[in-house]
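> Once you've had a glance at the structure underneath, I'll fire off some questions.
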Amino acid sequence: VDSVRVVAFDASEHPVHEPPPVVAQVGEDLQDHVTIDQTKKAFLRRFPRAFEDPLYLRRERDYKWEAHQRCRRLLGKKALNDLLAAEDYEEIAGRAMRVIGMVNLPARFENIGLRDGLRTTTDQRRFALALRDLLHGDGPEEPRFTAFAEALDSLPQKQARVLTWPNQTILLFLWDPKRQMFLKPNVTRRVARRRGFDLRYRPEPNWDTYSQLLS
C-alpha cells in the first residue's frame, strides 16, 4: 500500500450496524503517537488484501461509493439548477437528506437537526441555494464553504444543533471524495493528535480548520 487516506469514525458518537471501522479498532494496540508505517501495518492486519479486501469493501467502501453515485445523480449542477428554476426547494432538501441517509457518517441527532431545520419553504430555499453554490459555484472554495456554514447556522434549531462539522462536510465528501473529506470532530482530532498534526481545530465549522484537514 503506497498511501492510505482514512476517514475516521467513532462508534461512541453514533451506533452503527457493523463493528467500528479500522481506525477505532487498530488504534488500541498502537502507541500514543503512531507513524505512517505503523498505520499501514495496522490497516493490513485488519484487511490483508488492502483496498481489495472483501471485508474492507463491505464495511468501509461499497455503501459509501453507492451514496457518492447517488449524490452525483441527484445533486448534479443541472439537476439543482432545474429544481431551483422551478422553485422546488423541498425536492432539493429531500434529495440531500436521502443521500445523507445512505451512510452512517453523521450521528442520528445531526440528521434530526438538519431535517428539523428544513421544514419551511424559506429555510429550504436558503439551504438549496447555498448547497448549489457549495457544490457547483464558481470562484474560490472558502467563501462558498463559509456561506454554506452561515446557511446552516440560520436554520431553525429544534431538537439538535444544525451547524455541526458532520452536517457541514458530509455532502462535500459524498460529492467529491477524491478532493474533500468528512470531518467527525472527536475521532478526527484524536487521529490528528496521534500523528502530531496541528488541525487548527475550532468547534464551529470554519475554512481554516477544513483547509488544514485537506492539506
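If you're wondering about the labels, chains in the C-alpha cells are A, B, ... by order shown, residues count from 1 in each chain, ligands from 1 in order shown.
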Could you give me the residues within stretch 166-209 of chain A that DSSP places in alpha helix (DSSP H), as a list in words?
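Across stretch 166-209 of chain A, those assigned alpha helix (DSSP H) are Pro166, Asn167, Gln168, Thr169, Ile170, Leu171, Leu172, Phe173, Leu174, Trp175, Pro185, Asn186, Val187, Thr188, Arg189, Arg190, Val191, Ala192, Arg193, Arg194, Trp207, Asp208 and Thr209 of chain A.
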> Listing only residues of stretch 126-168 of chain A within 8 Å of stretch 114-121 of chain A, what is the closest atom pair and its distance in Å (to one decimal) for each, using only C-alpha atoms, sorted by chain and residue number ascending, as a Markdown table?

```
| residue | atom | partner | partner_atom | distance |
| --- | --- | --- | --- | --- |
| A:Phe127 | CA | A:Leu118 | CA | 7.8 |
| A:Leu155 | CA | A:Gly117 | CA | 5.0 |
| A:Pro156 | CA | A:Gly117 | CA | 4.9 |
| A:Gln157 | CA | A:Gly117 | CA | 6.2 |
| A:Lys158 | CA | A:Asp116 | CA | 6.5 |
| A:Gln159 | CA | A:Asp116 | CA | 7.6 |
| A:Arg161 | CA | A:Leu114 | CA | 7.8 |
| A:Val162 | CA | A:Leu114 | CA | 5.2 |
| A:Asn167 | CA | A:Leu114 | CA | 7.4 |
```
> Output N, CA, C and O atoms for every residue in the selection just made, as a compact mmCIF listing (two decimals), in the first residue's frame.

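Below you can see selection_32.txt, which holds the result:
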```txt
# COMPACT_ATOMS: atom_id res chain seq x y z
N PHE A 127 -31.19 26.87 2.14
CA PHE A 127 -30.31 25.70 2.09
C PHE A 127 -29.99 25.32 0.65
O PHE A 127 -28.83 25.03 0.31
N LEU A 155 -30.65 28.13 10.00
CA LEU A 155 -31.82 27.25 10.04
C LEU A 155 -32.33 27.11 11.47
O LEU A 155 -31.55 27.17 12.43
N PRO A 156 -33.62 26.91 11.64
CA PRO A 156 -34.18 26.75 12.99
C PRO A 156 -33.57 25.55 13.70
O PRO A 156 -33.33 24.50 13.09
N GLN A 157 -33.27 25.74 14.96
CA GLN A 157 -32.73 24.66 15.79
C GLN A 157 -33.81 24.20 16.75
O GLN A 157 -34.28 24.98 17.57
N LYS A 158 -34.22 22.94 16.63
CA LYS A 158 -35.29 22.41 17.47
C LYS A 158 -34.73 21.37 18.44
O LYS A 158 -34.41 21.66 19.57
N GLN A 159 -34.58 20.13 17.99
CA GLN A 159 -34.11 19.07 18.88
C GLN A 159 -32.59 19.01 18.97
O GLN A 159 -32.05 18.50 19.95
N ARG A 161 -28.56 20.70 17.28
CA ARG A 161 -27.85 21.72 16.51
C ARG A 161 -27.84 21.35 15.03
O ARG A 161 -27.74 20.20 14.66
N VAL A 162 -27.89 22.37 14.20
CA VAL A 162 -27.82 22.16 12.75
C VAL A 162 -26.40 22.39 12.25
O VAL A 162 -25.88 21.61 11.44
N ASN A 167 -22.58 17.88 9.47
CA ASN A 167 -23.55 18.46 8.54
C ASN A 167 -22.88 19.37 7.52
O ASN A 167 -23.33 19.48 6.38
```
> Residues of stretch 158-187 of chain A that have any atom at most 10 Å from an atom of stretch 53-71 of chain A: could you tabulate them with the shortest-distance atom pair and the distance in Å to one decimal, using only C-alpha atoms, ordered by chain and increasing number, as CSV?

```
residue,atom,partner,partner_atom,distance
A:Leu171,CA,A:Cys71,CA,7.9
A:Leu172,CA,A:Cys71,CA,9.8
A:Phe173,CA,A:His68,CA,8.3
A:Leu174,CA,A:His68,CA,4.7
A:Trp175,CA,A:His68,CA,5.9
A:Asp176,CA,A:His68,CA,7.7
A:Pro177,CA,A:His68,CA,7.8
```
> Can you pull out the residues contacting stretch 129-136 of chain A? Cut-off 7 Å, using only C-alpha atoms, and skip same-chain residues under 4 positions away; I want them as a list in words.
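Result of the neighbour search: Lys77, Leu80, Arg125, Arg144, Phe145, Ala147, Phe148, Ala151 and Leu172 of chain A.
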> Taking N, CA, C and O atoms for each residue, export the selection above as a PDB file, in the first residue's frame.

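Output file out_19.pdb is given in full below:
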```pdb
ATOM      1  N   LYS A  77     -25.157  19.609 -11.027  1.00  0.00           N
ATOM      2  CA  LYS A  77     -25.369  21.039 -11.286  1.00  0.00           C
ATOM      3  C   LYS A  77     -26.648  21.291 -12.066  1.00  0.00           C
ATOM      4  O   LYS A  77     -27.460  22.154 -11.697  1.00  0.00           O
ATOM      5  N   LEU A  80     -29.797  20.513  -9.921  1.00  0.00           N
ATOM      6  CA  LEU A  80     -30.082  21.546  -8.926  1.00  0.00           C
ATOM      7  C   LEU A  80     -30.569  22.835  -9.586  1.00  0.00           C
ATOM      8  O   LEU A  80     -31.508  23.473  -9.104  1.00  0.00           O
ATOM      9  N   ARG A 125     -35.274  26.975   0.759  1.00  0.00           N
ATOM     10  CA  ARG A 125     -34.688  27.812  -0.298  1.00  0.00           C
ATOM     11  C   ARG A 125     -33.280  28.268   0.087  1.00  0.00           C
ATOM     12  O   ARG A 125     -32.344  28.200  -0.720  1.00  0.00           O
ATOM     13  N   ARG A 144     -17.566  30.047  -0.492  1.00  0.00           N
ATOM     14  CA  ARG A 144     -18.701  29.140  -0.679  1.00  0.00           C
ATOM     15  C   ARG A 144     -18.877  28.241   0.540  1.00  0.00           C
ATOM     16  O   ARG A 144     -19.999  27.972   0.977  1.00  0.00           O
ATOM     17  N   PHE A 145     -17.760  27.780   1.096  1.00  0.00           N
ATOM     18  CA  PHE A 145     -17.788  26.972   2.314  1.00  0.00           C
ATOM     19  C   PHE A 145     -18.372  27.787   3.470  1.00  0.00           C
ATOM     20  O   PHE A 145     -19.233  27.312   4.223  1.00  0.00           O
ATOM     21  N   ALA A 147     -20.290  30.458   3.265  1.00  0.00           N
ATOM     22  CA  ALA A 147     -21.699  30.779   3.024  1.00  0.00           C
ATOM     23  C   ALA A 147     -22.603  29.598   3.369  1.00  0.00           C
ATOM     24  O   ALA A 147     -23.712  29.792   3.885  1.00  0.00           O
ATOM     25  N   PHE A 148     -22.143  28.391   3.103  1.00  0.00           N
ATOM     26  CA  PHE A 148     -22.939  27.217   3.455  1.00  0.00           C
ATOM     27  C   PHE A 148     -23.044  27.088   4.974  1.00  0.00           C
ATOM     28  O   PHE A 148     -24.112  26.752   5.508  1.00  0.00           O
ATOM     29  N   ALA A 151     -25.583  29.461   6.112  1.00  0.00           N
ATOM     30  CA  ALA A 151     -26.931  28.981   5.812  1.00  0.00           C
ATOM     31  C   ALA A 151     -27.380  27.951   6.837  1.00  0.00           C
ATOM     32  O   ALA A 151     -28.517  27.999   7.325  1.00  0.00           O
ATOM     33  N   LEU A 172     -20.214  17.585   0.783  1.00  0.00           N
ATOM     34  CA  LEU A 172     -18.954  17.829   0.077  1.00  0.00           C
ATOM     35  C   LEU A 172     -18.206  16.525  -0.147  1.00  0.00           C
ATOM     36  O   LEU A 172     -17.729  16.240  -1.255  1.00  0.00           O
TER      37      LEU A 172
END
```
> Do a neighbour search on stretch 101-106 of chain A at 8 Å with only C-alpha atoms, toss out local chain neighbours closer than 2 positions, and write the hits as a list in words.
Phe9, His14, Val16, Tyr63, Lys64, Ala67, Met97, Arg98, Val99, Arg108, Glu110, Asn111, Pro166, Asn167, Ile170 and Lys184 of chain A
> Please report the interatomic distance between atom CA of A:Asp153 and atom CA of A:Asn206 in Å with one decimal.
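Interatomic distance, atom CA of A:Asp153 to atom CA of A:Asn206: 12.0 Å.
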> Quick one, how far is atom CA of A:Arg194 from atom CA of A:Lys41?
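If I compute the distance from atom CA of A:Arg194 to atom CA of A:Lys41, I get 15.7 Å.
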> Can you work out which one of A:Ala128, A:Leu152, A:Val187, A:Ala192 has the shortest atom-to-atom distance to A:Ile92, counting only C-alpha atoms?
A:Ala128
